[in-house]
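S.K.: For reference, the file structure24.txt (compact mmCIF, C-alpha atoms) is included below:
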```txt
# COMPACT_ATOMS: atom_id res chain seq x y z
CA MET A 1 2.46 -11.69 -19.89
CA GLU A 2 1.21 -13.70 -22.89
CA GLU A 3 4.73 -13.74 -24.30
CA LEU A 4 6.12 -15.01 -20.97
CA LYS A 5 3.54 -17.80 -20.94
CA LYS A 6 4.37 -18.75 -24.54
CA THR A 7 8.13 -18.92 -23.99
CA GLY A 8 8.00 -20.23 -20.43
CA GLY A 9 10.71 -17.69 -19.61
CA LYS A 10 11.17 -15.58 -16.50
CA PHE A 11 11.41 -12.30 -18.43
CA VAL A 12 11.23 -10.65 -21.83
CA TYR A 13 13.79 -8.21 -23.24
CA LEU A 14 13.58 -4.45 -23.52
CA ASP A 15 15.97 -3.22 -26.21
CA LEU A 16 17.23 0.39 -26.05
CA THR A 17 20.38 -0.18 -28.07
CA HIS A 18 19.01 1.60 -31.15
CA LEU A 19 19.09 4.87 -29.16
CA ASN A 20 22.16 7.07 -28.83
CA GLY A 21 24.19 5.86 -25.81
CA GLU A 22 24.78 9.34 -24.38
CA PHE A 23 21.07 10.15 -24.66
CA VAL A 24 20.12 6.95 -22.79
CA LYS A 25 22.58 7.69 -19.95
CA LYS A 26 21.22 11.22 -19.60
CA ARG A 27 17.52 10.41 -19.94
CA PHE A 28 17.51 7.30 -17.70
CA PRO A 29 20.39 7.79 -15.24
CA MET A 30 18.79 5.65 -12.49
CA VAL A 31 17.93 2.76 -14.80
CA TYR A 32 21.40 2.99 -16.35
CA SER A 33 23.27 2.83 -13.03
CA THR A 34 20.97 0.19 -11.48
CA CYS A 35 21.40 -2.12 -14.47
CA LEU A 36 25.14 -1.48 -14.52
CA ASN A 37 25.25 -2.77 -10.91
CA TYR A 38 23.90 -6.06 -12.27
CA GLY A 39 26.47 -6.14 -15.06
CA ILE A 40 24.09 -4.91 -17.76
CA ASP A 41 25.11 -1.89 -19.83
CA ILE A 42 21.77 -0.77 -21.31
CA THR A 43 23.47 1.21 -24.10
CA VAL A 44 24.72 -2.07 -25.60
CA ASP A 45 22.82 -4.89 -23.80
CA LYS A 46 19.14 -5.85 -23.85
CA ILE A 47 17.35 -5.39 -20.49
CA PRO A 48 15.47 -8.34 -18.95
CA VAL A 49 12.05 -7.04 -17.78
CA HIS A 50 8.93 -8.45 -16.11
CA PRO A 51 5.61 -6.63 -15.66
CA ALA A 52 4.44 -5.97 -12.11
CA ALA A 53 1.73 -3.96 -10.35
CA HIS A 54 3.40 -0.66 -9.45
CA TYR A 55 0.76 0.70 -7.13
CA LEU A 56 -2.41 -0.27 -5.31
CA MET A 57 -5.25 2.20 -5.85
CA GLY A 58 -6.91 1.25 -2.57
CA GLY A 59 -6.24 2.32 0.98
CA VAL A 60 -7.87 3.83 4.03
CA LYS A 61 -10.98 5.62 2.79
CA THR A 62 -10.74 9.36 3.36
CA ASP A 63 -12.51 12.51 2.24
CA LEU A 64 -10.60 15.29 0.45
CA TYR A 65 -9.20 16.50 3.80
CA GLY A 66 -7.89 13.09 4.85
CA ARG A 67 -10.66 12.45 7.38
CA THR A 68 -11.25 8.74 7.97
CA SER A 69 -14.34 7.09 9.42
CA LEU A 70 -12.79 7.32 12.92
CA PRO A 71 -12.92 10.66 14.72
CA ASP A 72 -9.53 12.38 15.09
CA LEU A 73 -7.81 9.88 12.77
CA TYR A 74 -6.60 11.25 9.43
CA ALA A 75 -4.71 9.57 6.60
CA ALA A 76 -2.59 10.92 3.75
CA GLY A 77 -0.09 9.53 1.26
CA GLU A 78 0.16 5.95 0.00
CA VAL A 79 -1.92 4.66 2.92
CA ALA A 80 -4.93 6.80 2.01
CA CYS A 81 -7.55 6.33 -0.68
CA THR A 82 -8.84 9.77 -1.60
CA GLY A 83 -10.42 8.47 -4.82
CA VAL A 84 -8.81 11.11 -7.03
CA HIS A 85 -6.93 8.64 -9.24
CA GLY A 86 -9.85 6.52 -10.38
CA ALA A 87 -8.91 3.02 -11.52
CA ASN A 88 -5.22 3.61 -12.16
CA ARG A 89 -2.55 5.96 -10.91
CA LEU A 90 0.15 6.85 -13.37
CA ALA A 91 3.76 7.46 -12.42
CA SER A 92 4.62 10.70 -10.57
CA ASN A 93 0.99 11.38 -9.69
CA SER A 94 1.93 10.14 -6.22
CA LEU A 95 3.21 13.68 -5.65
CA LEU A 96 -0.43 14.73 -5.42
CA GLU A 97 -1.02 12.31 -2.54
CA GLY A 98 2.16 13.28 -0.74
CA LEU A 99 2.41 17.03 -1.17
CA VAL A 100 -1.16 18.20 -1.68
CA PHE A 101 -3.00 15.83 0.64
CA GLY A 102 -0.18 15.88 3.21
CA ALA A 103 -0.63 19.65 3.46
CA ARG A 104 -4.45 19.45 3.42
CA VAL A 105 -4.46 16.94 6.26
CA GLY A 106 -2.05 19.08 8.28
CA LEU A 107 -4.25 22.14 7.83
CA ALA A 108 -7.44 20.21 8.61
CA VAL A 109 -6.03 18.63 11.77
CA ALA A 110 -4.61 21.94 12.98
CA SER A 111 -7.89 23.82 12.43
CA GLU A 112 -10.30 21.18 13.75
CA ALA A 113 -10.51 21.41 17.54
CA PRO A 114 -8.44 18.59 19.04
CA PRO A 115 -10.01 16.57 21.84
CA SER A 116 -8.81 17.55 25.28
CA LEU A 117 -6.53 15.09 27.04
CA ALA A 118 -9.23 14.45 29.62
CA GLN A 119 -11.52 13.30 26.82
CA VAL A 120 -9.14 10.68 25.46
CA ALA A 121 -7.54 9.64 28.75
CA GLY A 122 -9.98 6.80 29.28
CA THR A 123 -9.36 5.31 25.86
CA SER A 124 -5.59 4.90 25.88
CA LEU A 125 -4.32 1.58 24.57
CA LYS A 126 -2.29 -0.88 26.54
CA PRO A 127 1.40 -0.40 25.75
CA ILE A 128 2.83 -3.08 23.47
CA GLU A 129 6.01 -4.57 24.84
CA SER A 130 8.75 -4.98 22.30
CA SER A 131 10.52 -8.27 22.54
CA PRO A 132 13.68 -9.01 20.58
CA THR A 133 12.95 -12.75 20.33
CA GLU A 134 13.40 -14.20 16.84
CA ARG A 135 10.33 -15.94 15.45
CA PRO A 136 11.22 -17.57 12.15
CA GLN A 137 7.64 -18.81 11.58
CA TRP A 138 6.47 -15.20 11.16
CA GLY A 139 9.03 -14.54 8.47
CA GLU A 140 7.69 -17.65 6.82
CA THR A 141 4.06 -16.48 7.06
CA ARG A 142 5.10 -13.13 5.65
CA SER A 143 6.87 -14.55 2.60
CA ALA A 144 4.06 -17.08 2.06
CA THR A 145 1.58 -14.17 2.03
CA GLN A 146 3.71 -12.30 -0.49
CA LYS A 147 3.92 -15.39 -2.68
CA VAL A 148 0.12 -15.79 -2.69
CA MET A 149 -0.31 -12.13 -3.63
CA TRP A 150 2.27 -12.33 -6.43
CA SER A 151 0.88 -15.47 -8.01
CA LYS A 152 -2.90 -15.17 -7.40
CA VAL A 153 -3.76 -11.47 -7.57
CA GLY A 154 -1.12 -10.04 -9.92
CA ILE A 155 -1.69 -8.05 -13.08
CA VAL A 156 -3.76 -10.75 -14.81
CA ARG A 157 -6.51 -12.09 -12.54
CA ASP A 158 -9.30 -14.62 -12.81
CA GLY A 159 -12.08 -15.79 -10.52
CA SER A 160 -10.84 -19.27 -9.67
CA GLU A 161 -7.26 -18.13 -8.98
CA LEU A 162 -8.56 -15.34 -6.74
CA LYS A 163 -10.73 -17.81 -4.84
CA GLU A 164 -7.74 -20.09 -4.36
CA GLY A 165 -5.62 -17.14 -3.21
CA LEU A 166 -8.21 -16.19 -0.60
CA ARG A 167 -8.35 -19.79 0.64
CA LEU A 168 -4.54 -19.85 1.02
CA LEU A 169 -4.47 -16.55 2.90
CA MET A 170 -7.21 -17.66 5.29
CA GLN A 171 -5.21 -20.79 5.92
CA LEU A 172 -2.15 -18.68 6.77
CA ARG A 173 -4.23 -16.54 9.07
CA SER A 174 -5.50 -19.53 11.01
CA ARG A 175 -1.92 -20.59 11.70
CA GLY A 176 -1.33 -17.89 14.30
CA SER A 177 -3.19 -16.77 17.37
CA TRP A 178 -3.81 -13.38 15.72
CA SER A 179 -3.88 -11.45 18.90
CA PRO A 180 -0.44 -10.16 18.04
CA PRO A 181 1.73 -9.38 21.06
CA ASP A 182 4.28 -7.14 19.35
CA ARG A 183 5.16 -5.14 16.25
CA VAL A 184 6.54 -7.95 14.11
CA GLU A 185 3.39 -10.00 14.55
CA TRP A 186 1.09 -7.01 14.14
CA GLU A 187 2.75 -6.20 10.82
CA CYS A 188 2.33 -9.76 9.68
CA ALA A 189 -1.34 -9.81 10.72
CA ASN A 190 -1.95 -6.48 8.96
CA LEU A 191 -0.24 -7.70 5.81
CA THR A 192 -2.54 -10.70 5.64
CA SER A 193 -5.65 -8.59 6.37
CA VAL A 194 -4.80 -6.15 3.57
CA GLY A 195 -4.12 -9.10 1.25
CA GLU A 196 -7.54 -10.54 2.05
CA MET A 197 -9.25 -7.22 1.32
CA ILE A 198 -7.46 -6.93 -2.04
CA LEU A 199 -8.53 -10.46 -2.98
CA ILE A 200 -12.15 -9.97 -1.87
CA SER A 201 -12.41 -6.68 -3.81
CA ALA A 202 -10.82 -8.18 -6.92
CA MET A 203 -13.28 -11.09 -6.78
CA ALA A 204 -16.28 -8.79 -6.47
CA ARG A 205 -15.25 -6.58 -9.38
CA GLU A 206 -16.31 -8.82 -12.26
CA GLU A 207 -15.00 -6.57 -15.01
CA SER A 208 -11.68 -5.10 -16.19
CA ARG A 209 -10.86 -1.46 -15.52
CA GLY A 210 -7.63 0.52 -15.15
CA ALA A 211 -4.99 -1.57 -13.40
CA HIS A 212 -7.50 -4.35 -12.59
CA PHE A 213 -7.61 -6.93 -15.39
CA ARG A 214 -9.80 -10.06 -15.17
CA SER A 215 -9.14 -12.56 -17.94
CA ASP A 216 -12.62 -14.04 -17.25
CA PHE A 217 -14.22 -10.57 -17.50
CA PRO A 218 -11.96 -8.76 -19.99
CA CYS A 219 -14.35 -5.87 -20.74
CA ARG A 220 -15.25 -2.74 -18.87
CA ASN A 221 -18.76 -2.79 -17.46
CA ASP A 222 -19.83 0.81 -16.96
CA ARG A 223 -23.40 -0.13 -16.18
CA GLU A 224 -22.48 -1.84 -12.91
CA PHE A 225 -19.00 -0.75 -11.98
CA ILE A 226 -18.30 2.99 -12.35
CA LYS A 227 -18.03 2.86 -8.59
CA HIS A 228 -15.55 2.63 -5.74
CA SER A 229 -15.34 -0.63 -3.81
CA VAL A 230 -15.69 -0.06 -0.08
CA LEU A 231 -14.96 -2.72 2.51
CA SER A 232 -15.68 -2.55 6.20
CA LYS A 233 -15.31 -5.04 9.04
CA SER A 234 -17.98 -7.30 7.56
CA ASN A 235 -15.66 -8.02 4.58
CA GLN A 236 -18.60 -7.36 2.25
CA VAL A 237 -17.79 -5.23 -0.78
CA GLU A 238 -20.12 -2.29 -1.20
CA PHE A 239 -20.02 -0.46 -4.53
CA VAL A 240 -20.39 3.26 -3.98
CA GLY A 241 -21.07 5.77 -6.76
CA VAL A 242 -18.27 8.18 -7.64
CA MET B 1 14.40 -8.38 28.22
CA PRO B 2 11.16 -6.68 27.12
CA VAL B 3 11.40 -2.89 27.16
CA LYS B 4 8.70 -0.90 28.98
CA PRO B 5 8.07 2.26 26.95
CA ASP B 6 7.73 5.63 28.66
CA THR B 7 4.57 7.66 28.19
CA ILE B 8 5.05 10.59 25.81
CA LYS B 9 2.50 13.37 25.43
CA THR B 10 2.21 15.53 22.32
CA ASP B 11 -0.34 17.73 20.53
CA PHE B 12 -0.13 15.92 17.19
CA LEU B 13 1.12 12.44 16.33
CA VAL B 14 2.25 11.75 12.76
CA ILE B 15 2.78 8.07 11.98
CA GLY B 16 5.29 7.61 9.17
CA SER B 17 7.90 9.94 7.71
CA GLY B 18 7.06 9.72 4.02
CA ILE B 19 6.38 12.84 1.98
CA ALA B 20 2.74 13.08 3.15
CA GLY B 21 3.66 12.64 6.82
CA LEU B 22 6.42 15.24 6.68
CA ARG B 23 4.31 17.66 4.64
CA SER B 24 1.48 17.44 7.19
CA ALA B 25 3.99 17.90 10.03
CA VAL B 26 5.13 21.21 8.47
CA GLU B 27 1.56 22.53 8.79
CA LEU B 28 0.99 21.02 12.23
CA GLY B 29 4.22 22.51 13.56
CA LYS B 30 2.62 25.95 13.24
CA ALA B 31 -0.23 24.89 15.54
CA GLY B 32 1.49 22.89 18.25
CA GLU B 33 4.01 20.24 19.16
CA VAL B 34 4.38 17.40 16.64
CA LEU B 35 5.78 13.93 17.25
CA ILE B 36 6.73 11.84 14.20
CA LEU B 37 6.93 8.07 14.57
CA THR B 38 8.99 6.31 11.94
CA LYS B 39 10.55 2.93 11.15
CA ALA B 40 13.15 4.63 8.95
CA PRO B 41 16.62 4.33 10.50
```
As structure tokens - that is how I would like this structure written.
M.R.:
Amino acid sequence: MEELKKTGGKFVYLDLTHLNGEFVKKRFPMVYSTCLNYGIDITVDKIPVHPAAHYLMGGVKTDLYGRTSLPDLYAAGEVACTGVHGANRLASNSLLEGLVFGARVGLAVASEAPPSLAQVAGTSLKPIESSPTERPQWGETRSATQKVMWSKVGIVRDGSELKEGLRLLMQLRSRGSWSPPDRVEWECANLTSVGEMILISAMAREESRGAHFRSDFPCRNDREFIKHSVLSKSNQVEFVGV
Amino acid sequence: MPVKPDTIKTDFLVIGSGIAGLRSAVELGKAGEVLILTKAP
């Protein structure tokens, strides 16, 4: 990131050309073919690269059987936050979330007595009508949200940028009615809500740890922050011991 | 024209067909009827 700032460029180069060409093709077949699609042969060309956040450690808080804070609602996979990864999740460890916790949730749901239909009948939600109308302003809100997230709460963060990011997102939120009538608008509303929670949590964690790096708090602070950040409806971050 | 959805009843509802959703559905299938909702085409 520092190098990008220094050169003002959009990427830096990754050079694999010192490695045997056949080895590179065999060891990185996906990278090889993807780059080739863009006219880059990684056995002879340098690869333009840019760092990005590959995963968000947060999610819907669950216990080790996928139980959420709502009765009869379970979560597993990328949407869940079981807490097992700590402050960073390294590549391929997502298999744990998918295979192990997917199975655990299935077993837990199957063995825990389901509510009878009579019990839930009174609580059914109003059906959402799907309407095929195009609403370009929602596409705009969506990409504006993504832009805020990319530029304000990326891999290098600092307090004032985070604050600005939160202000921009709240502005976007106030644009719509936010009682979304259909799926497209619900997704957009959810995207902005999740964005807000990421920003609020990143602001509260005044230290650097794992994938969270604050240039204004570059050190780890074990005294205050060996904890999970938990947000509820109040949007207040509560730090809970591991 | 807006589409009025029918009411569907099932024992277990899995939202999403990623690895975790499908893996849980394998277990749930042994205990009852499973419905998987997915955006994937």
S.K.: Kindly give the distance, in Å, that separates CA of Glu161 (chain A) and CA of Leu56 (chain A), rounded to a single decimal.
M.R.: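 These atoms are spaced 18.9 Å apart.
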S.K.: When you draw a straight line from CA of Glu207 (chain A) to CA of Glu97 (chain A), how long is it in Å?
M.R.: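 That distance, rounded to one decimal, is 26.6 Å.
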S.K.: For chain B, work out the contacting residues on chain A at 7 Å, counting all atoms listed in the file, and write them as a list in words.
M.R.: Ala76, Gly77, Glu97, Gly98, Leu99, Phe101, Gly102, Ala103, Val105, Gly106, Leu107, Ala110, Glu129, Ser130 and Ser131 of chain A
S.K.: Taking (9.1, 7.4, 15.2) in the file's coordinates, which residues come within 9 Å, counting only C-alpha atoms, written as an NGL selection string?
M.R.: :B and (14-17 or 35-40)
S.K.: Go ahead and compute the interatomic distance for CA of Ala53 (chain A) and CA of Gly21 (chain A), in Å to one decimal.
M.R.: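 Between CA of Ala53 (chain A) and CA of Gly21 (chain A) the gap is 29.0 Å.
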S.K.: Please, what is the axis-aligned box for every listed atom of region 6-21 of chain B with 6 Å on each side, as centre and edge lengths in Å to one decimal, as AutoDock Vina command-line options?
M.R.:
```
--center_x 3.8 --center_y 11.7 --center_z 15.3 --size_x 20.2 --size_y 24.1 --size_z 38.7
```
S.K.: With distances taken over all atoms listed in the file, which residue among A:Met1, A:Met197, A:Val49, A:Val184 lies nearest Arg142 (chain A)?
M.R.: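 Closest candidate: A:Val184.
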S.K.: Identify which of the residues A:Ala80, A:Val109, A:Leu199, A:Val100 lies closest to Val34 (chain B), counting all atoms listed in the file when measuring atom-to-atom distances.
M.R.: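 Using all atoms listed in the file, Val34 (chain B) sits closest to A:Val109.
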S.K.: Starting from the block above, write chain B out to a file with C-alpha atoms, as a PDB file, in the first residue's frame, please.
M.R.:
```pdb
ATOM      1  CA  MET B   1     -47.338  -7.371 -13.153  1.00  0.00           C
ATOM      2  CA  PRO B   2     -46.388  -8.214  -9.549  1.00  0.00           C
ATOM      3  CA  VAL B   3     -46.369 -11.953  -8.876  1.00  0.00           C
ATOM      4  CA  LYS B   4     -48.296 -13.288  -5.871  1.00  0.00           C
ATOM      5  CA  PRO B   5     -46.257 -16.149  -4.407  1.00  0.00           C
ATOM      6  CA  ASP B   6     -47.940 -19.388  -3.353  1.00  0.00           C
ATOM      7  CA  THR B   7     -47.614 -20.588   0.227  1.00  0.00           C
ATOM      8  CA  ILE B   8     -45.166 -23.485   0.581  1.00  0.00           C
ATOM      9  CA  LYS B   9     -44.882 -25.567   3.739  1.00  0.00           C
ATOM     10  CA  THR B  10     -41.764 -27.512   4.686  1.00  0.00           C
ATOM     11  CA  ASP B  11     -40.082 -28.982   7.779  1.00  0.00           C
ATOM     12  CA  PHE B  12     -36.764 -27.192   7.308  1.00  0.00           C
ATOM     13  CA  LEU B  13     -35.890 -24.091   5.301  1.00  0.00           C
ATOM     14  CA  VAL B  14     -32.276 -23.591   4.214  1.00  0.00           C
ATOM     15  CA  ILE B  15     -31.519 -20.123   2.855  1.00  0.00           C
ATOM     16  CA  GLY B  16     -28.578 -20.205   0.448  1.00  0.00           C
ATOM     17  CA  SER B  17     -26.949 -23.047  -1.445  1.00  0.00           C
ATOM     18  CA  GLY B  18     -23.316 -22.529  -0.508  1.00  0.00           C
ATOM     19  CA  ILE B  19     -21.265 -25.342   1.005  1.00  0.00           C
ATOM     20  CA  ALA B  20     -22.626 -24.738   4.531  1.00  0.00           C
ATOM     21  CA  GLY B  21     -26.251 -24.632   3.357  1.00  0.00           C
ATOM     22  CA  LEU B  22     -25.920 -27.810   1.309  1.00  0.00           C
ATOM     23  CA  ARG B  23     -23.969 -29.602   4.037  1.00  0.00           C
ATOM     24  CA  SER B  24     -26.671 -28.783   6.599  1.00  0.00           C
ATOM     25  CA  ALA B  25     -29.360 -29.903   4.135  1.00  0.00           C
ATOM     26  CA  VAL B  26     -27.694 -33.340   3.902  1.00  0.00           C
ATOM     27  CA  GLU B  27     -28.186 -33.780   7.665  1.00  0.00           C
ATOM     28  CA  LEU B  28     -31.680 -32.272   7.683  1.00  0.00           C
ATOM     29  CA  GLY B  29     -32.805 -34.530   4.846  1.00  0.00           C
ATOM     30  CA  LYS B  30     -32.530 -37.472   7.235  1.00  0.00           C
ATOM     31  CA  ALA B  31     -34.988 -35.826   9.637  1.00  0.00           C
ATOM     32  CA  GLY B  32     -37.630 -34.371   7.353  1.00  0.00           C
ATOM     33  CA  GLU B  33     -38.444 -32.427   4.225  1.00  0.00           C
ATOM     34  CA  VAL B  34     -35.945 -29.687   3.309  1.00  0.00           C
ATOM     35  CA  LEU B  35     -36.536 -26.672   1.094  1.00  0.00           C
ATOM     36  CA  ILE B  36     -33.466 -24.790  -0.183  1.00  0.00           C
ATOM     37  CA  LEU B  37     -33.883 -21.185  -1.292  1.00  0.00           C
ATOM     38  CA  THR B  38     -31.165 -19.893  -3.591  1.00  0.00           C
ATOM     39  CA  LYS B  39     -30.337 -16.970  -5.872  1.00  0.00           C
ATOM     40  CA  ALA B  40     -27.981 -19.177  -7.872  1.00  0.00           C
ATOM     41  CA  PRO B  41     -29.344 -19.762 -11.388  1.00  0.00           C
TER      42      PRO B  41
END
```
